[in-house]
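In what follows, a single structure is set out as structure tokens and then discussed.
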Amino acid sequence: MILMHDIVRDGDPVLRQVAKPLTFPLSEHYQKLAKDMMEYLINSQDPQIAKKHQLRAGVGLAAPQVGEGVQMAALLVPDDKGKIIFKEVYVNPTIEAESVRQACLEEGEGCLSVDKVIDGFVPRPDKLTIHYYTVDGEEKTVKLKDYPAIVSSHEIDHLQGHLFYDRINKNQPFDLPENTVVIS
């Protein structure tokens, strides 16, 4: 079981490296990693389990965040009522297309690997088309918008060595491009 002490923190070099692609079939090690990362997200969104194990809630977890420099990320995205609207483990994901229109979360973003609050809007594409493989090696393409697109962009950024605050306007953190969708 992945716990908070297993999450790599900002400053660790693995978070700033471009993750390496995986080959199929995935080894048992990487199959277990995918299962463990999803299990963390499920547990972290369960208030009782999260409290018992002192887990910070997460909607996404990339392999570099647990010290593995490979292109894998787990996503478990709930809607505003807590119902899961997107659940997947991406292996070797690529963004095939993205909207010109930007979106951001009203409260900003956080990250399991970043312990401090960093204020500012994090503009990202409002819509994404993502090509990836499942843990079983099945090739898939998915079109996402709004919150699931933001979470996917955040996790794919991790695989490219970027953190959410890299996208915040350094001079004016609460300025947004015109017509940006602000998601509350």
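Just remember, in the structure tokens the first chain shown is A, the second B, etc., residues are 1-based per chain, and ligands are 1-based in the order shown.
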Inset, instruction - Quick one: pick out all alpha helix (DSSP H) residues within chain A from a backbone DSSP run and write them as an MDAnalysis selection string. - result: chainID A and resid 28:44 47:53 146:159
For the selection you just gave me, I'd like the residues written to a file as a short mmCIF file (atom, residue, chain, number, x, y, z; two decimals), in the first residue's frame, keeping C-alpha atoms.
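Below is the file result-v7.cif, written as the result:
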data_model
loop_
_atom_site.label_atom_id
_atom_site.label_comp_id
_atom_site.auth_asym_id
_atom_site.auth_seq_id
_atom_site.Cartn_x
_atom_site.Cartn_y
_atom_site.Cartn_z
CA GLU A 28 4.79 -7.82 -12.84
CA HIS A 29 6.54 -4.90 -11.13
CA TYR A 30 4.80 -2.32 -13.34
CA GLN A 31 1.45 -4.12 -13.20
CA LYS A 32 1.67 -3.97 -9.40
CA LEU A 33 2.73 -0.32 -9.53
CA ALA A 34 -0.38 0.54 -11.59
CA LYS A 35 -2.60 -1.35 -9.12
CA ASP A 36 -0.93 0.30 -6.11
CA MET A 37 -1.22 3.81 -7.56
CA MET A 38 -4.95 3.34 -8.25
CA GLU A 39 -5.41 1.84 -4.79
CA TYR A 40 -3.82 4.96 -3.28
CA LEU A 41 -6.32 7.18 -5.10
CA ILE A 42 -9.29 5.03 -4.06
CA ASN A 43 -8.12 4.98 -0.44
CA SER A 44 -7.32 8.69 -0.39
CA PRO A 47 -12.64 9.66 4.31
CA GLN A 48 -12.29 6.81 6.84
CA ILE A 49 -9.34 5.10 5.14
CA ALA A 50 -7.67 8.45 4.42
CA LYS A 51 -7.96 9.50 8.06
CA LYS A 52 -6.72 6.15 9.36
CA HIS A 53 -3.61 6.21 7.14
CA ASP A 146 -13.14 20.34 -18.13
CA TYR A 147 -12.05 18.67 -14.86
CA PRO A 148 -10.97 15.28 -16.32
CA ALA A 149 -8.92 17.14 -18.97
CA ILE A 150 -7.27 19.29 -16.29
CA VAL A 151 -6.37 16.24 -14.18
CA SER A 152 -5.03 14.41 -17.25
CA SER A 153 -2.93 17.42 -18.25
CA HIS A 154 -1.55 17.67 -14.69
CA GLU A 155 -0.51 14.00 -14.67
CA ILE A 156 0.95 14.05 -18.19
CA ASP A 157 2.94 17.13 -17.14
CA HIS A 158 4.49 14.97 -14.40
CA LEU A 159 5.66 12.52 -17.07
#
Legend entry - Nearest candidate to Lys140 of chain A (options A:Ala62, A:Ala57, A:Val91, A:Leu112; using only C-alpha atoms):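 Closest candidate: A:Val91.
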Legend entry - Å distance separating atom CA of Arg124 of chain A from atom CA of Glu109 of chain A, one decimal place: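 So the answer is 11.1 Å.
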Legend entry - Surrounding residues of Phe24 of chain A excluding itself and chain neighbours under 2 positions, 10 Å, only C-alpha atoms, as number ranges by chain: A: 22, 26-27, 91, 133, 135-138
Output N, CA and C atoms for every residue in the selection just made, as a PDB file, in the first residue's frame.
ATOM      1  N   LEU A  22       7.250   2.766 -21.375  1.00  0.00           N
ATOM      2  CA  LEU A  22       7.254   1.357 -20.976  1.00  0.00           C
ATOM      3  C   LEU A  22       7.026   0.480 -22.201  1.00  0.00           C
ATOM      4  N   LEU A  26       3.715  -5.514 -19.838  1.00  0.00           N
ATOM      5  CA  LEU A  26       4.296  -4.919 -18.643  1.00  0.00           C
ATOM      6  C   LEU A  26       4.785  -6.004 -17.701  1.00  0.00           C
ATOM      7  N   SER A  27       5.903  -5.743 -17.071  1.00  0.00           N
ATOM      8  CA  SER A  27       6.422  -6.682 -16.074  1.00  0.00           C
ATOM      9  C   SER A  27       5.467  -6.715 -14.880  1.00  0.00           C
ATOM     10  N   VAL A  91      -0.705   4.426 -19.735  1.00  0.00           N
ATOM     11  CA  VAL A  91       0.666   3.994 -19.971  1.00  0.00           C
ATOM     12  C   VAL A  91       1.079   4.638 -21.298  1.00  0.00           C
ATOM     13  N   TYR A 133      -2.041   3.644 -23.706  1.00  0.00           N
ATOM     14  CA  TYR A 133      -2.232   2.197 -23.601  1.00  0.00           C
ATOM     15  C   TYR A 133      -2.720   1.897 -22.190  1.00  0.00           C
ATOM     16  N   VAL A 135      -2.974  -0.896 -18.963  1.00  0.00           N
ATOM     17  CA  VAL A 135      -2.000  -1.787 -18.332  1.00  0.00           C
ATOM     18  C   VAL A 135      -1.900  -3.103 -19.111  1.00  0.00           C
ATOM     19  N   ASP A 136      -3.006  -3.516 -19.730  1.00  0.00           N
ATOM     20  CA  ASP A 136      -3.024  -4.760 -20.510  1.00  0.00           C
ATOM     21  C   ASP A 136      -2.484  -4.593 -21.925  1.00  0.00           C
ATOM     22  N   GLY A 137      -2.094  -3.348 -22.273  1.00  0.00           N
ATOM     23  CA  GLY A 137      -1.531  -3.113 -23.595  1.00  0.00           C
ATOM     24  C   GLY A 137      -2.550  -2.729 -24.643  1.00  0.00           C
ATOM     25  N   GLU A 138      -3.801  -2.530 -24.241  1.00  0.00           N
ATOM     26  CA  GLU A 138      -4.828  -2.123 -25.198  1.00  0.00           C
ATOM     27  C   GLU A 138      -4.614  -0.655 -25.561  1.00  0.00           C
TER      28      GLU A 138
END
Legend entry - 9 Å contact set for Gly110 of chain A, only C-alpha atoms, chain neighbours under 5 positions out, as an NGL selection string: :A and (115-118 or 164-165)
Those same residues - C-alpha atoms - I'd like them written as an mmCIF file, in the first residue's frame.
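And here is the file that came out, again29.cif:
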data_model
loop_
_atom_site.group_PDB
_atom_site.id
_atom_site.type_symbol
_atom_site.label_atom_id
_atom_site.label_comp_id
_atom_site.auth_asym_id
_atom_site.auth_seq_id
_atom_site.Cartn_x
_atom_site.Cartn_y
_atom_site.Cartn_z
ATOM 1 C CA ASP A 115 3.594 20.306 0.395
ATOM 2 C CA LYS A 116 3.067 24.069 0.287
ATOM 3 C CA VAL A 117 0.129 26.014 -1.124
ATOM 4 C CA ILE A 118 1.084 27.906 -4.279
ATOM 5 C CA PHE A 164 1.629 22.557 -11.855
ATOM 6 C CA TYR A 165 3.171 25.799 -10.638
#
Close residues, Ala97 of chain A itself excluded, 9 Å, only C-alpha atoms, min 2 positions apart in chain, as a short mmCIF file (atom, residue, chain, number, x, y, z; two decimals) with N, CA and C atoms, in the first residue's frame:
data_model
loop_
_atom_site.label_atom_id
_atom_site.label_comp_id
_atom_site.auth_asym_id
_atom_site.auth_seq_id
_atom_site.Cartn_x
_atom_site.Cartn_y
_atom_site.Cartn_z
N ILE A 95 -0.62 13.56 -25.77
CA ILE A 95 -1.73 14.46 -26.10
C ILE A 95 -1.73 14.63 -27.61
N SER A 99 -7.54 21.90 -27.10
CA SER A 99 -8.30 23.07 -27.48
C SER A 99 -7.48 24.33 -27.29
N LYS A 127 -10.09 21.13 -23.47
CA LYS A 127 -10.39 19.84 -24.08
C LYS A 127 -9.09 19.20 -24.55
N LEU A 128 -9.00 17.89 -24.36
CA LEU A 128 -7.83 17.12 -24.79
C LEU A 128 -8.26 15.85 -25.49
N THR A 129 -7.46 15.44 -26.46
CA THR A 129 -7.56 14.10 -27.03
C THR A 129 -6.26 13.40 -26.65
N ILE A 130 -6.40 12.29 -25.90
CA ILE A 130 -5.23 11.60 -25.37
C ILE A 130 -5.17 10.18 -25.94
#
Inset, instruction - List every residue of chain A that DSSP, applied to the backbone, labels as strand (DSSP E), and write the result as a count of residues only. - result: 48
Inset, instruction - With a distance cut-off of 7 Å and only C-alpha atoms, select the neighbouring residues of Gly69 of chain A, excluding the residue or stretch itself and same-chain residues fewer than 4 positions from it, and output the selection as a list in words. - result: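 So, after excluding close chain neighbours, the residues are Val14, Ala19, Lys20, Ala63 and Pro64 of chain A.
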Export of the given selection (N, CA and C atoms) as a PDB file, in the first residue's frame:
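out.pdb was written with the following content:
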ATOM      1  N   VAL A  14      13.758  13.156  -9.726  1.00  0.00           N
ATOM      2  CA  VAL A  14      12.877  12.328 -10.563  1.00  0.00           C
ATOM      3  C   VAL A  14      11.657  13.120 -11.041  1.00  0.00           C
ATOM      4  N   ALA A  19       9.975  11.129 -18.112  1.00  0.00           N
ATOM      5  CA  ALA A  19       9.817   9.699 -17.813  1.00  0.00           C
ATOM      6  C   ALA A  19      10.034   8.861 -19.073  1.00  0.00           C
ATOM      7  N   LYS A  20      10.527   7.648 -18.867  1.00  0.00           N
ATOM      8  CA  LYS A  20      10.806   6.737 -19.985  1.00  0.00           C
ATOM      9  C   LYS A  20       9.552   5.931 -20.343  1.00  0.00           C
ATOM     10  N   ALA A  63       3.709   7.951 -11.926  1.00  0.00           N
ATOM     11  CA  ALA A  63       4.792   7.086 -11.451  1.00  0.00           C
ATOM     12  C   ALA A  63       5.993   7.866 -10.894  1.00  0.00           C
ATOM     13  N   PRO A  64       6.411   8.993 -11.512  1.00  0.00           N
ATOM     14  CA  PRO A  64       7.539   9.726 -10.927  1.00  0.00           C
ATOM     15  C   PRO A  64       7.265  10.184  -9.487  1.00  0.00           C
TER      16      PRO A  64
END
Inset, instruction - Pick out the residues sitting within 9 Å of Asp10 of chain A, and hand them over as number ranges by chain; count only C-alpha atoms, and ignore anything fewer than 5 positions along from it in its own chain. - result: A: 15-16, 113-115, 163
Write the residues of the preceding selection, restricted to C-alpha atoms, as an mmCIF file, in the first residue's frame.
data_model
loop_
_atom_site.group_PDB
_atom_site.id
_atom_site.type_symbol
_atom_site.label_atom_id
_atom_site.label_comp_id
_atom_site.auth_asym_id
_atom_site.auth_seq_id
_atom_site.Cartn_x
_atom_site.Cartn_y
_atom_site.Cartn_z
ATOM 1 C CA LEU A 15 10.070 14.922 -10.653
ATOM 2 C CA ARG A 16 11.978 17.048 -13.167
ATOM 3 C CA SER A 113 4.381 16.033 -4.247
ATOM 4 C CA VAL A 114 4.130 19.724 -3.320
ATOM 5 C CA ASP A 115 3.594 20.306 0.395
ATOM 6 C CA LEU A 163 4.918 20.650 -11.964
#
